[in-house]
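Below: one structure, written as structure tokens.
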Amino acid sequence: MKLFFGGDRMVERQAKLYEGKAKILYATADPNIVISYFKDDATAFNAQKRGQIADKGVVNCKVATHLLQLLAAQGVKTHWLETPSDREMVVRAVNIIPLEVVVRNLAAGSLCKQTGLPLGTVLTPPLVEFYYKNDDLGDPLLTRDRIRAMNLADEAQIDELTRLAGKINTLLQTFFQRCQITLVDFKLEFGLDSAGQILLADEISPDTCRLWDQATSDQAERVLDKDRFRQDLGNVAEAYQEVLNRILAQVNLK
């Protein structure tokens, strides 16, 4: 399949490089450019729960596109280049740093289970945590010392990832507030490009964020993210679409 981006520039999807839980990466003729294809597959609890969400790939591709563009406009360097189709994103090739950087503004999920903090506790300042990207080990929480001992990142990179996570959090919180959505927490992934520069990679979407609707205080109704799938709350596709609708409403105000 041939895709056009950057006006008349064309890339052609070639061999599959990697298939993950939510996306497939394809090579192109340019080793510095790959195509990310967004799937409808949904997983939870380290892929112990599996299913599909109707048009999830389409919605997440659009949400991620708008949020990555938003961040890029504010000086955050990302892997995004163009979104030439509903499910495909043309991105810079990066070597993923095997760390999930999680930012928490309110207590939820594993943080509540592990600490006893009540759901919704405001975290001041926000927590920035690192998890090892390793399904076999259950993506464990890591300390700075463990990250260095495992040679996953050096001290300067850890500092930069922490700084970027804080900046991205501030920008996203401000934007989602305009959407009348509370950004509870979210996961980021970063990679190194061919020049060794750290770029924001992967996606930002209802798959990777906890998002609560500010229009209701009902603990089930307010959920607009993958927790609807995790917790069997129903109306998962509708919640994802609502997030996209609110993002588009803000984009169209510009």
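Residue numbering restarts at 1 in every chain; chains get A, B, ... in the order shown in the structure tokens, and ligands count up from 1 in that same order.
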Using only C-alpha atoms, which residues of range 52-126 of chain A come within 12 Å of range 140-146 of chain A, and what is the closest atom pair for each, with the distance in Å to one decimal? Give it as CSV, sorted by chain and residue number.
```
residue,atom,partner,partner_atom,distance
A:Pro98,CA,A:Leu142,CA,11.4
A:Leu99,CA,A:Leu142,CA,9.0
A:Glu100,CA,A:Leu141,CA,9.2
A:Val101,CA,A:Leu141,CA,10.0
A:Val102,CA,A:Leu141,CA,10.0
A:Ser110,CA,A:Leu141,CA,10.6
A:Leu111,CA,A:Leu141,CA,10.8
A:Gln114,CA,A:Leu141,CA,11.2
```
Skipping near chain neighbours, those fewer than 2 positions away, what residues fall within 9 Å of range 245-251 of chain A using only C-alpha atoms, listed as a PyMOL selection string? chain A and resi 63+66-67+175-176+178-181+240-243+253-254
Just list as a ChimeraX atom specification whatever in range 71-243 of chain A DSSP marks as alpha helix (DSSP H). /A:71-73,110-115,144-149,155-178,227-230,236-243
Write out as a PyMOL selection string each polymer residue whose atoms come within 9 Å of range 154-171 of chain A, counting only C-alpha atoms; drop sequence neighbours fewer than 6 positions from it. chain A and resi 70-71+74+76+101-105+126+128-129+144+147-148+183+185-186+188+190+198+200
A:Arg228, A:Arg50, A:Lys62, A:Lys113 ranked by distance to Trp212 in chain A, top pick (using only C-alpha atoms):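 Looking at the shortest contact to Trp212 in chain A, the residue is A:Arg228.
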When you count only C-alpha atoms, which of these residues is closest to Ala42 in chain A: A:Cys61, A:Ala237, A:Ala22, A:Ala153?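 Smallest separation from Ala42 in chain A among the options: A:Ala22.
Of the listed residues (A:Ala72, A:Asp136, A:Asp202, A:Gln52), A:Asp202 comes nearest to Ile24 in chain A; the distances count only C-alpha atoms.
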Just list the residues in range 5-251 of chain A DSSP gives strand (DSSP E or B) on the backbone, as a PyMOL selection string. chain A and resi 5+9-12+16-19+23-27+33-38+41-44+49-52+78+80-82+88-92+95-96+99-106+122-132+141-142+181-192+198-201+209-213+223
Output file for the selection above: C-alpha atoms, as a CSV table (one decimal), in the first residue's frame:
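Written output follows (out-v5.csv):
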```
chain,number,residue,atom,x,y,z
A,5,PHE,CA,2.4,12.6,3.3
A,9,ARG,CA,5.9,12.7,-0.6
A,10,MET,CA,5.1,9.0,-0.8
A,11,VAL,CA,6.0,6.1,1.3
A,12,GLU,CA,5.1,2.5,0.6
A,16,LYS,CA,6.1,-6.1,9.0
A,17,LEU,CA,8.7,-5.2,11.6
A,18,TYR,CA,6.8,-5.8,14.7
A,19,GLU,CA,3.3,-6.5,16.0
A,23,LYS,CA,-0.3,-1.6,16.7
A,24,ILE,CA,1.7,-3.1,13.9
A,25,LEU,CA,4.9,-1.4,12.6
A,26,TYR,CA,5.8,-1.6,9.0
A,27,ALA,CA,9.1,-0.8,7.3
A,33,ILE,CA,10.7,6.2,8.6
A,34,VAL,CA,8.1,3.5,9.6
A,35,ILE,CA,4.4,3.2,9.4
A,36,SER,CA,2.4,2.5,12.6
A,37,TYR,CA,-1.0,0.7,12.0
A,38,PHE,CA,-3.5,1.0,14.8
A,41,ASP,CA,-7.5,-5.3,19.6
A,42,ALA,CA,-7.8,-4.5,23.3
A,43,THR,CA,-5.8,-6.1,26.1
A,44,ALA,CA,-5.7,-5.7,29.8
A,49,LYS,CA,-7.9,-10.2,29.1
A,50,ARG,CA,-8.3,-9.8,25.4
A,51,GLY,CA,-11.1,-8.4,23.2
A,52,GLN,CA,-11.8,-5.9,20.5
A,78,THR,CA,7.9,13.5,18.8
A,80,TRP,CA,5.0,11.9,14.5
A,81,LEU,CA,5.3,12.9,10.8
A,82,GLU,CA,1.9,12.6,9.2
A,88,GLU,CA,-1.9,4.6,9.8
A,89,MET,CA,0.6,7.1,11.1
A,90,VAL,CA,3.9,7.8,9.4
A,91,VAL,CA,6.6,8.2,12.2
A,92,ARG,CA,10.3,8.5,12.6
A,95,ASN,CA,14.9,2.6,19.3
A,96,ILE,CA,12.4,2.5,22.1
A,99,LEU,CA,10.8,2.1,30.1
A,100,GLU,CA,7.1,3.1,30.6
A,101,VAL,CA,7.0,6.6,32.1
A,102,VAL,CA,3.8,6.9,34.1
A,103,VAL,CA,2.6,10.3,35.3
A,104,ARG,CA,-0.1,10.3,38.0
A,105,ASN,CA,-2.2,13.3,39.0
A,106,LEU,CA,-4.8,11.4,41.0
A,122,VAL,CA,-4.9,14.4,44.5
A,123,LEU,CA,-1.1,13.9,44.2
A,124,THR,CA,0.9,17.1,44.7
A,125,PRO,CA,3.3,17.2,43.0
A,126,PRO,CA,2.3,14.6,40.4
A,127,LEU,CA,4.1,11.3,40.6
A,128,VAL,CA,6.5,10.3,37.8
A,129,GLU,CA,7.2,6.6,37.8
A,130,PHE,CA,9.2,4.2,35.7
A,131,TYR,CA,8.2,0.7,34.8
A,132,TYR,CA,10.3,-1.9,33.0
A,141,LEU,CA,8.1,-0.6,39.0
A,142,LEU,CA,11.8,0.5,38.9
A,181,ILE,CA,-12.0,15.9,31.1
A,182,THR,CA,-9.8,15.2,34.1
A,183,LEU,CA,-6.4,13.7,33.2
A,184,VAL,CA,-6.0,11.2,36.0
A,185,ASP,CA,-2.8,9.4,34.9
A,186,PHE,CA,-1.1,8.3,31.7
A,187,LYS,CA,1.7,6.3,30.2
A,188,LEU,CA,4.4,7.6,27.9
A,189,GLU,CA,7.1,5.9,25.8
A,190,PHE,CA,10.2,7.5,24.4
A,191,GLY,CA,12.8,6.4,21.9
A,192,LEU,CA,16.1,7.4,20.5
A,198,ILE,CA,15.0,11.5,22.7
A,199,LEU,CA,11.6,11.6,21.0
A,200,LEU,CA,8.2,11.0,22.4
A,201,ALA,CA,6.9,7.9,20.7
A,209,CYS,CA,-4.6,7.5,29.7
A,210,ARG,CA,-7.1,7.5,32.5
A,211,LEU,CA,-9.7,10.1,31.6
A,212,TRP,CA,-12.7,11.1,33.8
A,213,ASP,CA,-15.7,13.1,32.5
A,223,VAL,CA,-14.8,6.7,32.9
```
Using only C-alpha atoms, which of the listed residues (A:Met150, A:Ile53, A:Ala195, A:Cys112) sits closest to Gly234 in chain A? A:Ile53
Nearest-residue call for Glu238 in chain A, choices A:Asp207, A:Asp55, A:Asp218, A:Asp139, using only C-alpha atoms: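 Of all the options, A:Asp55 lies closest to Glu238 in chain A.
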Using Å and a single decimal, report how far CA of Lys56 in chain A sits from CA of Gln14 in chain A.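 Between these atoms lies a distance of 23.6 Å.
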